[in-house]
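The data block below is target.txt; it holds compact mmCIF, C-alpha atoms.
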# COMPACT_ATOMS: atom_id res chain seq x y z
CA MET A 135 94.10 129.91 87.39
CA SER A 136 91.83 130.13 90.38
CA THR A 137 94.20 130.00 93.34
CA MET A 138 92.21 131.24 96.33
CA THR A 139 88.57 131.26 95.34
CA PRO A 140 86.89 128.04 94.23
CA SER A 141 85.19 128.06 90.84
CA ALA A 142 81.85 126.32 90.58
CA TYR A 143 81.81 123.08 88.58
CA ARG A 144 78.79 120.91 87.92
CA VAL A 145 78.96 117.14 88.29
CA THR A 146 78.00 115.71 84.90
CA GLY A 147 78.95 112.12 85.60
CA ARG A 148 79.77 109.88 88.52
CA ARG A 149 81.06 106.35 88.32
CA ARG A 150 81.93 103.90 91.07
CA ASP A 151 85.24 102.35 89.96
CA THR A 152 85.95 100.05 92.87
CA ALA A 153 84.52 99.46 96.33
CA ASP A 154 86.21 102.59 97.68
CA THR A 155 86.88 104.69 94.57
CA CYS A 156 84.72 106.91 92.38
CA THR A 157 85.34 109.05 89.31
CA LEU A 158 83.62 112.38 88.75
CA GLU A 159 83.22 114.30 85.50
CA LEU A 160 83.09 118.01 86.18
CA GLU A 161 81.92 120.78 83.88
CA PRO A 162 82.72 124.44 84.50
CA ARG A 163 79.68 126.61 85.22
CA ASN A 164 81.28 130.03 84.72
CA GLY A 165 84.42 129.49 82.64
CA ALA A 166 87.02 126.78 82.94
CA LEU A 167 90.20 126.89 85.00
CA GLY A 168 93.48 126.87 83.14
CA ALA A 169 94.16 123.57 81.41
CA PRO A 170 95.88 121.19 83.84
CA ALA A 171 99.07 119.55 82.64
CA PRO A 172 99.43 115.79 83.21
CA GLY A 173 100.43 115.29 86.83
CA GLN A 174 98.91 118.48 88.20
CA PHE A 175 96.14 118.49 90.81
CA THR A 176 93.20 120.60 91.85
CA MET A 177 91.61 121.30 95.22
CA LEU A 178 88.04 119.98 95.19
CA TYR A 179 85.69 121.65 97.67
CA ALA A 180 82.55 119.93 98.91
CA TRP A 181 80.55 122.95 99.96
CA GLY A 182 80.46 123.32 103.72
CA VAL A 183 82.40 120.13 104.35
CA GLY A 184 85.95 120.74 103.22
CA GLU A 185 88.57 120.68 100.53
CA VAL A 186 90.94 117.93 99.34
CA PRO A 187 93.73 117.73 96.74
CA ILE A 188 92.83 115.40 93.85
CA SER A 189 94.93 114.67 90.77
CA VAL A 190 93.49 115.48 87.39
CA SER A 191 92.91 112.26 85.46
CA GLY A 192 91.24 113.65 82.36
CA LEU A 193 90.48 116.84 80.50
CA ASP A 194 88.51 117.60 77.35
CA ALA A 195 88.45 120.57 74.99
CA GLY A 196 85.55 122.14 76.84
CA GLY A 197 87.50 122.26 80.07
CA ARG A 198 85.64 119.34 81.56
CA LEU A 199 87.68 117.56 84.20
CA VAL A 200 87.82 113.88 85.12
CA GLN A 201 88.96 113.23 88.68
CA THR A 202 89.21 109.92 90.53
CA ILE A 203 88.69 110.00 94.28
CA ARG A 204 89.27 107.47 97.04
CA ASP A 205 86.34 107.55 99.44
CA VAL A 206 88.22 107.47 102.76
CA GLY A 207 87.21 110.55 104.76
CA SER A 208 84.36 112.98 105.31
CA VAL A 209 85.22 115.24 102.36
CA THR A 210 85.93 112.47 99.88
CA HIS A 211 82.82 110.63 101.06
CA LYS A 212 80.75 113.72 100.34
CA LEU A 213 82.42 114.16 96.93
CA CYS A 214 81.72 110.56 95.96
CA ALA A 215 78.10 111.02 96.99
CA LEU A 216 77.52 114.06 94.75
CA ASP A 217 74.75 113.38 92.25
CA PRO A 218 74.97 114.55 88.63
CA GLY A 219 73.65 118.09 88.43
CA THR A 220 74.99 119.17 91.80
CA THR A 221 77.99 121.47 92.11
CA LEU A 222 81.30 121.63 93.91
CA GLY A 223 84.19 124.10 94.08
CA VAL A 224 87.46 123.68 92.20
CA ARG A 225 90.75 125.56 92.66
CA GLY A 226 93.86 125.09 90.58
CA PRO A 227 95.44 123.54 88.68
CA PHE A 228 98.43 123.36 90.98
CA GLY A 229 101.91 121.91 91.04
CA ARG A 230 104.50 120.62 88.64
CA GLY A 231 103.48 117.80 86.33
CA TRP A 232 105.25 115.06 84.42
CA PRO A 233 108.00 116.43 82.08
CA LEU A 234 106.74 114.48 79.06
CA ASP A 235 108.57 116.66 76.53
CA ALA A 236 111.87 115.48 77.98
CA PHE A 237 111.02 111.88 77.08
CA ALA A 238 110.91 112.31 73.29
CA GLY A 239 112.76 109.47 71.60
CA ALA A 240 112.97 107.41 74.78
CA ASP A 241 111.20 104.31 76.01
CA VAL A 242 108.71 105.41 78.66
CA VAL A 243 107.82 103.10 81.53
CA VAL A 244 104.73 104.12 83.47
CA VAL A 245 104.54 102.35 86.84
CA ALA A 246 101.30 102.60 88.78
CA GLY A 247 100.29 101.11 92.10
CA GLY A 248 96.67 101.01 93.21
CA LEU A 249 95.01 104.42 92.97
CA GLY A 250 98.33 105.73 91.61
CA LEU A 251 97.03 105.10 88.11
CA ALA A 252 94.72 108.11 88.49
CA PRO A 253 97.48 110.78 88.45
CA LEU A 254 99.09 108.91 85.55
CA ARG A 255 96.00 108.56 83.36
CA LEU A 256 96.34 112.01 81.79
CA ALA A 257 100.03 111.32 81.13
CA VAL A 258 99.17 108.00 79.47
CA LEU A 259 96.63 109.74 77.25
CA ALA A 260 99.17 112.44 76.35
CA LEU A 261 101.83 109.84 75.51
CA LEU A 262 99.41 107.89 73.31
CA ALA A 263 98.17 111.08 71.62
CA ARG A 264 101.71 111.59 70.33
CA ARG A 265 102.70 107.95 70.15
CA GLU A 266 105.22 108.54 67.34
CA ARG A 267 107.39 110.74 69.57
CA TYR A 268 108.38 107.91 71.90
CA GLY A 269 110.02 104.51 71.77
CA ARG A 270 108.36 101.67 73.60
CA LEU A 271 105.53 102.67 75.93
CA LEU A 272 104.80 100.42 78.87
CA LEU A 273 102.31 100.50 81.71
CA LEU A 274 103.25 98.29 84.67
CA TYR A 275 100.28 98.31 86.98
CA GLY A 276 99.98 96.68 90.38
CA ALA A 277 96.78 96.45 92.38
CA ARG A 278 95.57 94.71 95.49
CA THR A 279 93.16 92.34 93.69
CA PRO A 280 91.63 92.18 90.19
CA ALA A 281 88.51 93.89 91.61
CA ASP A 282 90.63 96.90 92.58
CA LEU A 283 91.87 97.68 89.07
CA LEU A 284 90.98 101.16 87.85
CA TYR A 285 89.85 102.08 84.33
CA ARG A 286 89.44 98.43 83.33
CA ASP A 287 87.69 99.25 80.04
CA GLU A 288 90.43 101.66 79.06
CA LEU A 289 93.34 99.33 79.77
CA ALA A 290 92.42 97.13 76.80
CA ARG A 291 91.95 100.19 74.58
CA TRP A 292 95.33 101.59 75.57
CA ALA A 293 96.92 98.27 74.66
CA GLU A 294 95.35 98.51 71.20
CA ASP A 295 96.73 102.04 70.87
CA GLY A 296 100.32 100.92 71.41
CA LEU A 297 100.80 100.73 75.17
CA ASP A 298 102.30 97.50 76.49
CA VAL A 299 99.98 96.99 79.47
CA GLN A 300 101.20 94.55 82.13
CA ILE A 301 99.17 94.01 85.26
CA THR A 302 99.95 92.19 88.47
CA VAL A 303 97.92 91.83 91.64
CA ASP A 304 98.82 91.03 95.23
CA ALA A 305 96.20 88.30 95.59
CA ALA A 306 93.61 86.66 93.37
CA ASP A 307 91.21 83.79 93.10
CA ALA A 308 91.59 81.04 90.54
CA ASP A 309 89.67 83.01 87.88
CA TRP A 310 92.61 85.40 87.44
CA ASP A 311 95.12 84.14 84.88
CA GLY A 312 97.56 87.06 85.04
CA PRO A 313 100.61 87.50 87.26
CA VAL A 314 100.33 87.55 91.05
CA GLY A 315 103.20 89.35 92.74
CA VAL A 316 104.70 92.78 93.32
CA VAL A 317 104.98 95.36 90.56
CA GLY A 318 108.76 95.42 90.92
CA LYS A 319 108.82 91.95 89.41
CA LEU A 320 107.22 93.37 86.28
CA VAL A 321 110.01 95.97 86.10
CA ALA A 322 112.63 93.24 86.16
CA ARG A 323 111.07 91.48 83.17
CA ALA A 324 109.64 94.32 81.09
CA GLY A 325 110.95 94.91 77.57
CA PHE A 326 112.57 98.34 77.40
CA ASP A 327 116.03 99.81 76.94
CA PRO A 328 117.09 101.11 80.37
CA ARG A 329 119.89 103.19 78.84
CA ASN A 330 117.33 105.20 76.93
CA ALA A 331 114.31 105.05 79.18
CA ALA A 332 112.39 107.29 81.51
CA ALA A 333 110.04 106.10 84.24
CA LEU A 334 106.93 107.75 85.66
CA MET A 335 105.73 106.29 88.90
CA CYS A 336 102.84 106.84 91.25
CA GLY A 337 101.51 104.70 94.07
CA PRO A 338 102.00 104.08 97.76
CA GLU A 339 105.36 105.47 98.85
CA VAL A 340 106.59 102.07 100.04
CA MET A 341 105.82 100.57 96.67
CA MET A 342 107.63 103.43 94.92
CA ARG A 343 110.74 103.01 97.09
CA PHE A 344 111.01 99.32 96.23
CA THR A 345 110.16 99.86 92.59
CA ALA A 346 112.75 102.63 92.27
CA VAL A 347 115.34 100.10 93.40
CA ALA A 348 114.09 97.66 90.75
CA LEU A 349 114.31 100.39 88.09
CA ALA A 350 117.83 101.32 89.20
CA GLU A 351 118.86 97.65 89.06
CA ARG A 352 117.61 97.57 85.47
CA GLY A 353 119.78 100.62 84.80
CA VAL A 354 117.24 103.46 84.64
CA ALA A 355 118.94 106.64 85.88
CA PRO A 356 117.46 108.24 89.04
CA GLU A 357 117.40 111.53 87.14
CA ARG A 358 115.08 109.88 84.60
CA THR A 359 112.83 108.27 87.20
CA TYR A 360 109.94 110.52 88.24
CA VAL A 361 107.53 110.02 91.10
CA SER A 362 104.35 111.78 92.14
CA LEU A 363 104.05 112.31 95.88
CA GLU A 364 100.99 112.61 98.03
CA ARG A 365 101.16 114.93 101.00
CA SER A 366 98.70 116.99 103.00
CA MET A 367 98.19 119.81 100.53
CA LYS A 368 95.95 122.54 101.97
CA CYS A 369 96.44 125.93 100.30
CA GLY A 370 97.92 124.62 97.04
CA ILE A 371 100.02 127.75 96.56
CA GLY A 372 102.97 127.25 98.89
CA GLN A 373 101.75 129.48 101.70
CA CYS A 374 100.59 127.21 104.52
CA GLY A 375 103.50 124.74 104.64
CA HIS A 376 101.38 121.67 105.37
CA CYS A 377 102.89 119.74 102.47
CA GLN A 378 106.52 120.54 103.16
CA ILE A 379 108.97 117.70 102.68
CA GLY A 380 112.59 118.58 103.29
CA PRO A 381 113.35 121.83 101.49
CA THR A 382 110.40 121.61 99.11
CA LEU A 383 106.67 122.20 99.14
CA VAL A 384 104.84 119.42 97.34
CA CYS A 385 101.99 121.67 96.17
CA LEU A 386 104.41 124.07 94.52
CA ASP A 387 107.60 122.18 93.66
CA GLY A 388 105.84 118.81 93.22
CA PRO A 389 103.90 116.67 93.26
CA VAL A 390 106.18 115.30 90.53
CA TYR A 391 109.87 115.02 91.42
CA SER A 392 112.78 113.14 89.98
CA TRP A 393 113.92 110.27 92.17
CA ALA A 394 117.38 111.88 92.25
CA GLU A 395 116.04 115.02 93.91
CA ILE A 396 113.48 113.60 96.34
CA SER A 397 114.53 110.09 97.43
CA ARG A 398 116.78 111.22 100.28
CA TRP A 399 113.89 113.01 101.95
CA LEU A 400 111.54 110.04 101.75
CA SER A 401 113.73 108.06 104.14
CA VAL A 402 113.49 110.75 106.85
CA ARG A 403 110.74 109.48 109.14
CA GLU A 404 110.01 112.79 110.81
CA LEU A 405 109.00 114.41 107.51
CA MET B 153 119.18 71.50 66.06
CA PRO B 154 117.20 70.84 69.25
CA GLN B 155 118.73 72.22 72.40
CA THR B 156 120.06 69.81 74.98
CA VAL B 157 119.04 69.88 78.62
CA ASP B 158 122.52 71.23 79.46
CA THR B 159 122.00 74.36 77.38
CA LEU B 160 118.39 74.77 78.45
CA VAL B 161 119.44 74.72 82.10
CA LEU B 162 121.98 77.48 81.51
CA GLU B 163 119.34 79.69 79.89
CA ALA B 164 117.52 80.05 83.20
CA PRO B 165 118.60 83.28 84.95
CA VAL B 166 119.05 81.43 88.25
CA PHE B 167 121.75 79.29 86.66
CA ALA B 168 123.43 81.99 84.57
CA GLY B 169 127.20 81.67 84.66
CA LEU B 170 127.12 78.25 86.31
CA ASP B 171 130.42 76.43 86.13
CA PRO B 172 130.22 74.03 83.13
CA ALA B 173 131.10 71.04 85.30
CA HIS B 174 128.32 71.95 87.73
CA ALA B 175 125.92 72.53 84.85
CA ALA B 176 126.68 69.05 83.58
CA GLN B 177 125.95 67.57 87.00
CA LEU B 178 122.69 69.50 87.22
CA ALA B 179 121.68 68.48 83.71
CA GLY B 180 122.32 64.87 84.63
CA CYS B 181 119.34 65.09 86.98
CA ALA B 182 117.15 67.06 84.57
CA GLN B 183 114.65 66.37 81.82
CA THR B 184 112.17 68.45 79.87
CA THR B 185 108.50 68.29 80.72
CA GLY B 186 105.26 70.20 80.20
CA TRP B 187 101.62 70.66 81.15
CA ASP B 188 98.51 71.89 79.41
CA ASP B 189 96.36 74.74 80.66
CA GLY B 190 94.78 73.91 84.01
CA GLU B 191 96.81 70.79 84.67
CA MET B 192 98.20 70.38 88.15
CA LEU B 193 101.98 70.21 88.49
CA PHE B 194 101.68 69.13 92.12
CA ARG B 195 99.30 69.27 95.04
CA GLU B 196 99.76 70.38 98.63
CA GLY B 197 101.02 67.49 100.77
CA ASP B 198 102.25 65.39 97.86
CA PRO B 199 105.87 64.18 97.97
CA SER B 200 108.16 66.81 96.48
CA ASP B 201 110.70 64.98 94.41
CA ALA B 202 111.62 67.70 91.90
CA PHE B 203 111.83 71.39 91.14
CA TYR B 204 110.98 73.02 87.86
CA VAL B 205 112.57 75.73 85.76
CA VAL B 206 109.78 77.33 83.72
CA ARG B 207 110.89 77.71 80.11
CA HIS B 208 107.58 78.97 78.82
CA GLY B 209 104.29 79.89 80.44
CA ARG B 210 103.02 80.67 83.93
CA VAL B 211 102.50 78.53 87.01
CA ALA B 212 100.07 79.55 89.75
CA LEU B 213 100.86 78.61 93.33
CA GLU B 214 97.52 78.10 95.01
CA VAL B 215 96.05 77.30 98.36
CA PHE B 216 92.51 76.21 99.13
CA VAL B 217 90.87 78.24 101.88
CA PRO B 218 87.62 76.81 103.21
CA GLY B 219 84.83 79.31 102.69
CA ARG B 220 86.85 81.34 100.19
CA GLY B 221 87.86 78.78 97.62
CA THR B 222 91.17 78.56 95.80
CA LEU B 223 93.47 81.56 96.14
CA THR B 224 96.52 82.26 94.00
CA VAL B 225 99.31 83.37 96.30
CA GLU B 226 101.94 83.89 93.61
CA THR B 227 102.66 83.15 89.99
CA ILE B 228 105.95 81.88 88.65
CA GLU B 229 106.85 83.22 85.23
CA THR B 230 109.08 82.16 82.34
CA GLY B 231 112.68 81.77 83.46
CA GLU B 232 111.82 81.34 87.14
CA VAL B 233 112.08 78.35 89.45
CA VAL B 234 109.17 76.51 91.08
CA GLY B 235 109.82 74.54 94.22
CA TRP B 236 111.97 74.53 97.34
CA SER B 237 110.34 71.61 99.11
CA TRP B 238 112.66 69.07 97.49
CA LEU B 239 115.52 70.64 99.48
CA PHE B 240 114.23 70.15 103.00
CA PRO B 241 112.56 67.32 104.90
CA PRO B 242 109.83 66.16 104.86
CA TYR B 243 110.07 66.84 101.10
CA ARG B 244 106.38 67.61 100.57
CA TRP B 245 104.75 70.41 98.57
CA HIS B 246 103.27 73.22 100.63
CA PHE B 247 100.98 74.61 97.90
CA ASP B 248 99.19 73.46 94.80
CA GLY B 249 100.84 74.25 91.47
CA ARG B 250 98.63 74.75 88.41
CA ALA B 251 99.58 75.51 84.81
CA ILE B 252 98.11 78.73 83.41
CA GLY B 253 98.17 78.23 79.69
CA SER B 254 100.62 75.81 78.17
CA VAL B 255 103.72 75.41 80.36
CA ARG B 256 107.08 74.01 79.30
CA ALA B 257 109.72 73.37 81.92
CA ILE B 258 112.84 71.54 82.94
CA ALA B 259 112.22 69.12 85.79
CA VAL B 260 115.17 68.47 88.06
CA ASP B 261 115.08 65.34 90.23
CA GLY B 262 115.50 66.51 93.82
CA ALA B 263 116.92 63.30 95.31
CA CYS B 264 119.38 62.99 92.45
CA LEU B 265 120.61 66.56 92.89
CA ARG B 266 120.77 66.33 96.68
CA GLY B 267 123.00 63.28 96.29
CA LYS B 268 125.33 65.13 93.94
CA CYS B 269 125.47 68.12 96.26
CA ASP B 270 126.37 65.84 99.17
CA ASP B 271 129.17 64.34 97.10
CA ASP B 272 130.42 67.70 95.79
CA PRO B 273 130.12 70.50 98.39
CA ALA B 274 131.29 73.10 95.85
CA LEU B 275 128.27 72.27 93.70
CA GLY B 276 126.04 72.32 96.75
CA TYR B 277 127.35 75.68 97.91
CA ASP B 278 127.00 77.24 94.48
CA LEU B 279 123.43 76.00 94.05
CA MET B 280 122.48 76.96 97.60
CA ARG B 281 123.71 80.51 97.03
CA ARG B 282 121.64 80.78 93.89
CA PHE B 283 118.51 79.35 95.46
CA SER B 284 118.98 81.51 98.56
CA GLN B 285 119.06 84.63 96.37
CA VAL B 286 115.77 83.67 94.77
CA MET B 287 114.26 82.81 98.16
CA LEU B 288 115.38 86.19 99.50
CA GLU B 289 113.72 88.02 96.62
CA ARG B 290 110.50 86.04 97.11
CA LEU B 291 110.56 86.65 100.87
CA GLN B 292 111.01 90.40 100.39
CA ALA B 293 108.22 90.51 97.84
CA THR B 294 105.98 88.55 100.20
CA ARG B 295 106.73 90.95 103.05
CA LEU B 296 105.84 93.87 100.83
CA ARG B 297 102.52 92.29 99.93
CA LEU B 298 101.87 91.55 103.61
CA ALA B 299 102.13 95.29 104.23
CA ASP B 300 99.00 95.68 102.08
CA VAL B 301 100.32 98.96 100.69
CA TYR B 302 97.36 99.38 98.35
CA GLY B 303 94.85 99.14 101.19
CA ALA B 304 92.89 102.16 102.43
CA PRO B 305 94.75 104.46 104.84
CA ARG B 306 93.83 103.81 108.47
Please, can you express the file's structure as structure tokens?
Amino acid sequence: MSTMTPSAYRVTGRRRDTADTCTLELEPRNGALGAPAPGQFTMLYAWGVGEVPISVSGLDAGGRLVQTIRDVGSVTHKLCALDPGTTLGVRGPFGRGWPLDAFAGADVVVVAGGLGLAPLRLAVLALLARRERYGRLLLLYGARTPADLLYRDELARWAEDGLDVQITVDAADADWDGPVGVVGKLVARAGFDPRNAAALMCGPEVMMRFTAVALAERGVAPERTYVSLERSMKCGIGQCGHCQIGPTLVCLDGPVYSWAEISRWLSVREL
Amino acid sequence: MPQTVDTLVLEAPVFAGLDPAHAAQLAGCAQTTGWDDGEMLFREGDPSDAFYVVRHGRVALEVFVPGRGTLTVETIETGEVVGWSWLFPPYRWHFDGRAIGSVRAIAVDGACLRGKCDDDPALGYDLMRRFSQVMLERLQATRLRLADVYGAPR
């Protein structure tokens, strides 16, 4: 694991997913970092501009990383503008990922909101790779509009592989024939056994708060509901304290937490 | 054996556990109906003389915005209720309703049910509580969407 010094990775592919989101494929130039677990993140460094924490969305046997980035600031804008063949720095992987082994035999409900599907993509791939280990697998995915959906080609493929993919959007034109409404409504109607289910959730914090309530109303235990948090991770190794929330450091103890352990801190506005 | 309107009404979550006498009164104003894909259930401004319990399919609530075309503001799914406008003057629809795919529903005559509620306040109170719960859930969901939580950070 490269914790302090960035390792050079070459951009081998760049795709514009939505109006403000891109996905990079990154190949190690001088040896790969340790293999990221689903839910972990890396620090991506645009040389001379700055460093940002980005979840790992894909990984292949050669150590090539897939990372989806929202183009919202100077660093992410530079990253999304990197042409294939250019390089960037990568540190990590960091943090605690999704505890997928604990879900064996259970129905698994993956709830994603907006860009929140990116930190869940590697988990979805891991669940499908060992499909026989789990009960029903569901992806409940909410986005702003149909044009904002990530990984559109893959969603259909995942459905063929045994994932019950349900999508809702906040607004749509008349060409959209799927549901329009909040993702919590999908939770209320989805086919799973809440007494033997685990939920993985990532998206805007407000969306996760409301959806956690919907999951609890269905009967999913808070100890079996996991969320991935986004905070201002800087060092990635628990030294700088920028990502502290309550008694925990998101870069070290998170970004994945059970709802039972983290929910009380999310309602504290000063944090 | 085909199901009667009484039993179909009670299958809708919004009417779960309804007192049998109240269910019978409700069913007395109800009949089954349906639309094919793309058919309009109602149009904005039309008199609203009924509400619908969707038994199968999806209904899009739409509004036409000049310069942007038709926007879907919400969809109503199987088991849910379409329509509040029958409850309050001037009893006119506020949005367009369009069937997405084949839709089967129970139509409940609004004037008929309002009359029964006026005659039997216990029925009116029970139904109003149930409709208020659904309205509350829709209002909260609408507020959440107004927050545009998936939008880019400012």
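Interface residues on chain B toward chain A (cut-off 6 Å, only C-alpha atoms): B:Thr222, B:Leu223, B:Thr224, B:Val225, B:Glu226, B:Thr227, B:Tyr302.
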* Residue contacts of segment 264-266 of chain B (10 Å, all atoms listed in the file) excluding same-chain residues fewer than 5 positions away, as an MDAnalysis selection string -> chainID B and resid 177:182 201:202 238:240 271:272 275:276 279
* **Protein and nucleic acid residues near (84.0, 128.0, 82.2) (cut-off 9 Å, all atoms listed in the file) as a list in words** =>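 In the file's frame, the residues around the point are Ser141, Ala142, Tyr143, Glu161, Pro162, Arg163, Asn164, Gly165, Ala166, Leu167, Gly196, Gly197 and Arg198 of chain A.
Between atom CA of Val245 of chain A and atom CA of Met342 of chain A there is a distance of 8.7 Å.
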* Write out as a list of chain:residue names each polymer residue whose atoms come within 9 Å of Gly190 of chain B, counting only C-alpha atoms; drop sequence neighbours fewer than 2 positions from it. =>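 Counting only C-alpha atoms, the residues come to B:Trp187, B:Asp188, B:Met192, B:Arg250, B:Ala251, B:Ile252, B:Gly253, B:Ser254.
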